[in-house]
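Beneath this line is the structure, given in structure tokens, with notes to follow.
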Amino acid sequence: MSVTVRVPAKVNVQLAVGGARPDGFHDLANVFLAVSLYDEVTVSPASSLTITCSGPDAGQVPLDRTNLAARAAELLAARHGLSPDVHIHIAKDIPVAGGMAGGSADGAAALLACDTLWGLHSTRAQLLSICAELGSDVPFSLVGGAALGTGRGERLTELEVGGEFHWVFAVADGGLSTPAVYGEFDRLTEGLAVPAPAASAALLDALRTGDAPSLAGALANDLQPAALSLRPSLADTLQTGTSAGALAALVSGSGPTTAFLTKDEESARSVAEALLASGTCREARVASSPTGGARVVGA
């Protein structure tokens, strides 16, 4: 028997970042949208815990126990006195190290898949508790849709979305380390008064009403200056997409993937073509939001 779980990528339509806490994390107001780019994670019984990966950038995915999918299996097994003897296969389609929570998505997917395979019937609250232990973005990968993440992003309040939003994601060559981007944020804000993070009322209203132009005017990412400092070439990608007709552009999370909000699917395809033709990215992916969180698609 095997269990397959499909799990979406995310885009941060707002990422407000507070100053560094004593534990090294930052308080956040993080508005997540799940988008229609997916990984599929399949788990099956095995003699020991092993991981394989296929798909774009599979060579960049760690196949040891640093992978969040492996850690998810270990944590769930430990809570139930089990041995995490499963083979985990990740069919990768979410950009790797691209600020779209691909690794977090795989952790959430493996957790749900193992819970199903082992017949544990964990409650959503129990699964979310393990997700929060795995990482700040993992709970949202399980939940999907739209949500405001507070604390370090793991405490979720689900949000209402009144329509469909259309996106283009420009995938850069190479990744950006999330810790490195936060470190650069700390360097750039050293000595400055960093305000406490808070969700934008205008942005939440735009989501609720499904108003793409209003959402475009409210998009914000406090990590964008740090990502651009580490990867200045991203500025050309952002400019190319907006010149091609995107309503707005921003770095997705810690980058280096850049996100472009468009008025409709046709416009998204046009922006994607312009981005590819410009040579400022190696891939341009069209997607929509919101979409559901991790779910079993095969057992």
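Going by the structure tokens order, chains are called A, B, ..., each with residues numbered from 1, while ligands are numbered from 1 in the order shown.
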
Selection: 12 Å around Gly183 (chain A), only C-alpha atoms, excl. self and same-chain fewer than 4 positions, as a CSV table (one decimal) with all heavy atoms, in the first residue's frame:
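Ended up saving to around.csv:
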```
chain,number,residue,atom,x,y,z
A,19,GLY,N,11.5,43.2,14.3
A,19,GLY,CA,12.9,43.0,14.6
A,19,GLY,C,13.2,41.6,15.1
A,19,GLY,O,12.3,40.9,15.5
A,20,ALA,N,14.5,41.3,15.1
A,20,ALA,CA,14.9,40.0,15.6
A,20,ALA,C,14.6,39.8,17.1
A,20,ALA,O,14.7,40.7,17.9
A,20,ALA,CB,16.4,39.8,15.4
A,24,GLY,N,16.2,34.5,17.9
A,24,GLY,CA,16.7,34.6,16.6
A,24,GLY,C,15.6,34.7,15.5
A,24,GLY,O,15.9,35.0,14.3
A,25,PHE,N,14.4,34.3,15.9
A,25,PHE,CA,13.3,34.4,14.9
A,25,PHE,C,12.8,35.9,14.9
A,25,PHE,O,13.2,36.7,15.7
A,25,PHE,CB,12.1,33.5,15.3
A,25,PHE,CG,12.4,32.1,15.1
A,25,PHE,CD1,12.7,31.2,16.1
A,25,PHE,CD2,12.4,31.5,13.8
A,25,PHE,CE1,13.0,29.9,15.9
A,25,PHE,CE2,12.6,30.2,13.6
A,25,PHE,CZ,13.0,29.3,14.6
A,26,HIS,N,11.9,36.2,14.0
A,26,HIS,CA,11.2,37.5,13.8
A,26,HIS,C,9.7,37.3,14.0
A,26,HIS,O,9.2,36.4,13.4
A,26,HIS,CB,11.6,38.1,12.5
A,26,HIS,CG,13.0,38.4,12.3
A,26,HIS,ND1,14.0,37.4,12.1
A,26,HIS,CD2,13.7,39.6,12.2
A,26,HIS,CE1,15.1,38.0,11.9
A,26,HIS,NE2,15.0,39.3,12.0
A,176,LEU,N,18.0,31.2,-2.9
A,176,LEU,CA,18.4,32.1,-1.9
A,176,LEU,C,18.1,31.5,-0.5
A,176,LEU,O,17.0,31.0,-0.3
A,176,LEU,CB,17.7,33.5,-2.0
A,176,LEU,CG,18.3,34.6,-2.8
A,176,LEU,CD1,17.4,35.8,-2.8
A,176,LEU,CD2,19.7,35.0,-2.3
A,177,SER,N,19.1,31.5,0.3
A,177,SER,CA,18.9,30.9,1.7
A,177,SER,C,18.0,31.9,2.5
A,177,SER,O,18.3,33.1,2.6
A,177,SER,CB,20.3,30.8,2.4
A,177,SER,OG,20.2,30.8,3.8
A,178,THR,N,17.0,31.3,3.1
A,178,THR,CA,16.1,32.1,3.9
A,178,THR,C,16.8,32.7,5.1
A,178,THR,O,16.7,33.9,5.4
A,178,THR,CB,14.9,31.3,4.4
A,178,THR,OG1,14.1,30.8,3.2
A,178,THR,CG2,14.0,32.1,5.3
A,179,PRO,N,17.7,31.9,5.8
A,179,PRO,CA,18.4,32.6,6.9
A,179,PRO,C,19.3,33.7,6.4
A,179,PRO,O,19.5,34.7,7.1
A,179,PRO,CB,19.2,31.4,7.5
A,179,PRO,CG,18.4,30.2,7.2
A,179,PRO,CD,17.8,30.5,5.8
A,187,ARG,N,20.8,43.3,8.9
A,187,ARG,CA,21.9,44.3,8.6
A,187,ARG,C,21.3,45.6,8.1
A,187,ARG,O,21.8,46.7,8.5
A,187,ARG,CB,22.8,43.6,7.6
A,187,ARG,CG,24.1,44.5,7.4
A,187,ARG,CD,24.9,43.9,6.2
A,187,ARG,NE,24.3,44.1,4.9
A,187,ARG,CZ,24.4,45.3,4.3
A,187,ARG,NH1,25.1,46.3,4.8
A,187,ARG,NH2,23.9,45.4,3.1
A,188,LEU,N,20.4,45.5,7.2
A,188,LEU,CA,19.8,46.7,6.6
A,188,LEU,C,19.0,47.6,7.6
A,188,LEU,O,18.9,48.8,7.4
A,188,LEU,CB,18.9,46.3,5.4
A,188,LEU,CG,19.6,45.8,4.2
A,188,LEU,CD1,18.6,45.3,3.1
A,188,LEU,CD2,20.6,46.7,3.6
A,189,THR,N,18.4,46.9,8.6
A,189,THR,CA,17.6,47.6,9.5
A,189,THR,C,18.3,47.9,10.9
A,189,THR,O,17.7,48.4,11.8
A,189,THR,CB,16.3,46.8,9.8
A,189,THR,OG1,16.6,45.5,10.3
A,189,THR,CG2,15.4,46.7,8.6
A,190,GLU,N,19.6,47.6,10.9
A,190,GLU,CA,20.3,47.8,12.2
A,190,GLU,C,20.3,49.3,12.6
A,190,GLU,O,20.6,50.2,11.8
A,190,GLU,CB,21.8,47.3,12.0
A,190,GLU,CG,22.6,47.3,13.3
A,190,GLU,CD,24.0,46.8,13.1
A,190,GLU,OE1,24.4,46.4,11.9
A,190,GLU,OE2,24.7,46.7,14.1
A,223,LEU,N,10.9,41.7,3.2
A,223,LEU,CA,12.2,41.1,2.9
A,223,LEU,C,12.7,41.4,1.5
A,223,LEU,O,13.8,41.0,1.2
A,223,LEU,CB,12.1,39.5,3.0
A,223,LEU,CG,11.9,38.9,4.4
A,223,LEU,CD1,11.8,37.4,4.3
A,223,LEU,CD2,13.0,39.4,5.4
A,225,PRO,N,13.8,44.3,0.0
A,225,PRO,CA,15.1,45.0,-0.1
A,225,PRO,C,16.3,44.1,0.2
A,225,PRO,O,17.3,44.2,-0.4
A,225,PRO,CB,14.9,46.1,1.0
A,225,PRO,CG,13.5,46.3,1.1
A,225,PRO,CD,12.8,44.9,0.9
A,226,ALA,N,16.1,43.1,1.2
A,226,ALA,CA,17.2,42.2,1.5
A,226,ALA,C,17.5,41.3,0.4
A,226,ALA,O,18.6,41.0,0.0
A,226,ALA,CB,16.9,41.5,2.8
A,227,ALA,N,16.4,40.7,-0.2
A,227,ALA,CA,16.6,39.8,-1.3
A,227,ALA,C,17.2,40.5,-2.5
A,227,ALA,O,18.1,40.0,-3.2
A,227,ALA,CB,15.2,39.2,-1.7
A,229,SER,N,19.2,43.1,-2.3
A,229,SER,CA,20.6,43.4,-2.0
A,229,SER,C,21.5,42.2,-2.3
A,229,SER,O,22.6,42.4,-2.7
A,229,SER,CB,20.6,43.8,-0.5
A,229,SER,OG,22.0,43.9,0.0
A,230,LEU,N,21.0,41.0,-2.0
A,230,LEU,CA,21.7,39.8,-2.2
A,230,LEU,C,21.7,39.4,-3.6
A,230,LEU,O,22.7,38.7,-4.1
A,230,LEU,CB,21.2,38.7,-1.3
A,230,LEU,CG,21.4,38.9,0.2
A,230,LEU,CD1,20.7,37.7,1.0
A,230,LEU,CD2,22.8,38.9,0.6
A,254,SER,N,11.2,34.9,0.8
A,254,SER,CA,12.6,35.3,0.8
A,254,SER,C,13.3,35.2,-0.5
A,254,SER,O,14.5,35.5,-0.6
A,254,SER,CB,13.4,34.4,1.8
A,254,SER,OG,13.2,33.0,1.5
```

- Query: Out of region 6-238 of chain A, which residues get strand (DSSP E or B) from DSSP, as a PyMOL selection string?
  - Reply: chain A and resi 6-20+26-45+50-54+86-91+144+146-150+155-158+165-171+220-221

- Item | Minimum-distance residue to Ala201 (chain A), chosen among A:Gln239, A:Thr150, A:Asn67, A:Gln14 (using only C-alpha atoms) |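 Selected residue with least distance to Ala201 (chain A): A:Gln14.
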
- Query: Residues at most 6 Å from Pro290 (chain A), counting only C-alpha atoms, excluding those fewer than 4 positions away in the same chain, as an MDAnalysis selection string?
  - Reply: chainID A and resid 33:35 145

- Task: Please provide as a PyMOL selection string all residues within 12 Å of Val3 (chain A), with the sequence filter that same-chain residues fewer than 3 positions apart are discarded (counting only C-alpha atoms).
- Result: chain A and resi 6+40-45+86-90+109-119+295-299

Please produce a file of the residues just selected, as an mmCIF file, in the first residue's frame, where the atoms kept are C-alpha atoms.
```cif
data_model
loop_
_atom_site.group_PDB
_atom_site.id
_atom_site.type_symbol
_atom_site.label_atom_id
_atom_site.label_comp_id
_atom_site.auth_asym_id
_atom_site.auth_seq_id
_atom_site.Cartn_x
_atom_site.Cartn_y
_atom_site.Cartn_z
ATOM 1 C CA ARG A 6 -0.780 16.667 -3.259
ATOM 2 C CA GLU A 40 3.102 15.198 -4.793
ATOM 3 C CA VAL A 41 4.531 13.128 -1.954
ATOM 4 C CA THR A 42 4.047 9.354 -1.880
ATOM 5 C CA VAL A 43 4.860 7.230 1.164
ATOM 6 C CA SER A 44 4.986 3.448 1.267
ATOM 7 C CA PRO A 45 6.165 0.874 3.827
ATOM 8 C CA VAL A 86 8.746 4.418 5.063
ATOM 9 C CA HIS A 87 9.980 5.256 1.627
ATOM 10 C CA ILE A 88 9.122 8.859 0.750
ATOM 11 C CA HIS A 89 9.063 9.886 -2.900
ATOM 12 C CA ILE A 90 8.731 13.579 -3.743
ATOM 13 C CA ALA A 109 2.409 16.339 2.703
ATOM 14 C CA ALA A 110 4.591 13.637 4.237
ATOM 15 C CA LEU A 111 2.949 14.197 7.615
ATOM 16 C CA LEU A 112 -0.563 13.718 6.212
ATOM 17 C CA ALA A 113 0.546 10.780 4.065
ATOM 18 C CA CYS A 114 2.184 8.951 6.988
ATOM 19 C CA ASP A 115 -0.796 9.643 9.230
ATOM 20 C CA THR A 116 -3.037 8.072 6.580
ATOM 21 C CA LEU A 117 -0.697 5.144 5.846
ATOM 22 C CA TRP A 118 -0.390 4.277 9.541
ATOM 23 C CA GLY A 119 -4.140 4.683 10.207
ATOM 24 C CA ARG A 295 -4.897 16.408 0.546
ATOM 25 C CA VAL A 296 -4.774 12.698 -0.130
ATOM 26 C CA VAL A 297 -5.120 12.006 -3.864
ATOM 27 C CA GLY A 298 -4.225 8.314 -3.884
ATOM 28 C CA ALA A 299 -4.246 5.463 -1.383
#
```

- Message: DSSP on the backbone, alpha helix (DSSP H) only: what residues of region 80-251 of chain A does that give? Format it as an MDAnalysis selection string.
- Response: chainID A and resid 102:117 124:134 138:143 178:189 201:209 212:218 224:230 234:243

- Task: Please provide as a ChimeraX atom specification all residues within 8 Å of Ala170 (chain A), with the sequence filter that same-chain residues fewer than 6 positions apart are discarded (counting only C-alpha atoms).
- Result: /A:237,257-259,272,275,281-285

- Message: Quick one: residues within 8 Å of Asn12 (chain A), only C-alpha atoms, excluding same-chain residues fewer than 6 positions away - as a ChimeraX atom specification?
- Response: /A:30-33,221,252-253

Emit the selected residues as a PDB file, in the first residue's frame, including N, CA, C and O atoms.
```pdb
ATOM      1  N   ASN A  30       2.069  37.635   8.251  1.00  0.00           N
ATOM      2  CA  ASN A  30       2.389  36.938   7.008  1.00  0.00           C
ATOM      3  C   ASN A  30       1.079  36.495   6.366  1.00  0.00           C
ATOM      4  O   ASN A  30       0.417  35.595   6.875  1.00  0.00           O
ATOM      5  N   VAL A  31       0.672  37.145   5.281  1.00  0.00           N
ATOM      6  CA  VAL A  31      -0.579  36.782   4.625  1.00  0.00           C
ATOM      7  C   VAL A  31      -0.248  35.829   3.475  1.00  0.00           C
ATOM      8  O   VAL A  31       0.379  36.220   2.485  1.00  0.00           O
ATOM      9  N   PHE A  32      -0.666  34.585   3.658  1.00  0.00           N
ATOM     10  CA  PHE A  32      -0.378  33.516   2.700  1.00  0.00           C
ATOM     11  C   PHE A  32      -1.555  33.309   1.747  1.00  0.00           C
ATOM     12  O   PHE A  32      -2.718  33.354   2.160  1.00  0.00           O
ATOM     13  N   LEU A  33      -1.236  33.009   0.498  1.00  0.00           N
ATOM     14  CA  LEU A  33      -2.200  32.463  -0.452  1.00  0.00           C
ATOM     15  C   LEU A  33      -1.605  31.187  -1.031  1.00  0.00           C
ATOM     16  O   LEU A  33      -0.453  31.195  -1.486  1.00  0.00           O
ATOM     17  N   ASN A 221       6.283  43.246   0.834  1.00  0.00           N
ATOM     18  CA  ASN A 221       7.209  42.246   1.351  1.00  0.00           C
ATOM     19  C   ASN A 221       8.398  42.954   1.979  1.00  0.00           C
ATOM     20  O   ASN A 221       9.251  43.505   1.271  1.00  0.00           O
ATOM     21  N   SER A 252       8.779  36.825  -3.966  1.00  0.00           N
ATOM     22  CA  SER A 252       7.957  35.877  -3.217  1.00  0.00           C
ATOM     23  C   SER A 252       8.712  35.410  -1.972  1.00  0.00           C
ATOM     24  O   SER A 252       9.748  34.754  -2.082  1.00  0.00           O
ATOM     25  N   GLY A 253       8.204  35.761  -0.798  1.00  0.00           N
ATOM     26  CA  GLY A 253       8.850  35.361   0.452  1.00  0.00           C
ATOM     27  C   GLY A 253      10.283  35.849   0.512  1.00  0.00           C
ATOM     28  O   GLY A 253      10.570  37.022   0.291  1.00  0.00           O
TER      29      GLY A 253
END
```

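Using only C-alpha atoms, the shortest contact distance between Gly241 (chain A) and any of A:Asp222, A:Asp264, A:Glu273, A:Asp137 is found at A:Glu273.
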
- Task: Please provide the set of residues having any atom within 8 Å of Pro95 (chain A), restricted to only C-alpha atoms, with same-chain residues fewer than 5 positions apart removed, written as a PyMOL selection string.
- Result: chain A and resi 56-57+100+102+171+257

- Message: Please report the interatomic distance between CA of Leu234 (chain A) and CA of Gly255 (chain A) in Å with one decimal.
- Response: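 Those two atoms sit 9.1 Å apart.
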
- Task: Would you mind telling me which residue in A:Thr157, A:Thr50, A:Ser2, A:Ser200 lies nearest to Ala69 (chain A) when using only C-alpha atoms?
- Result: A:Thr50

- Item | Selected residue of minimal separation from Tyr182 (chain A) among A:Thr52, A:Ser136, A:Gln224, A:Ser141, counting only C-alpha atoms | A:Gln224

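Among the candidates A:Thr291, A:Cys131, A:Val61, A:Ala216, the residue lying nearest to Gly175 (chain A) is A:Val61 (atoms considered: only C-alpha atoms).
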
- Message: Using only C-alpha atoms, can you tell me which of A:His121, A:Arg71, A:Arg65, A:Arg208 comes closest to Gly135 (chain A)?
- Response: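 Among the listed residues, A:Arg71 lies closest to Gly135 (chain A).
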
- Record the distance separating CA of Val271 (chain A) and CA of Val286 (chain A), expressed in Å with one decimal. 9.1 Å

- From CA of Ser129 (chain A) to CA of Ala29 (chain A) the spacing works out at 19.4 Å
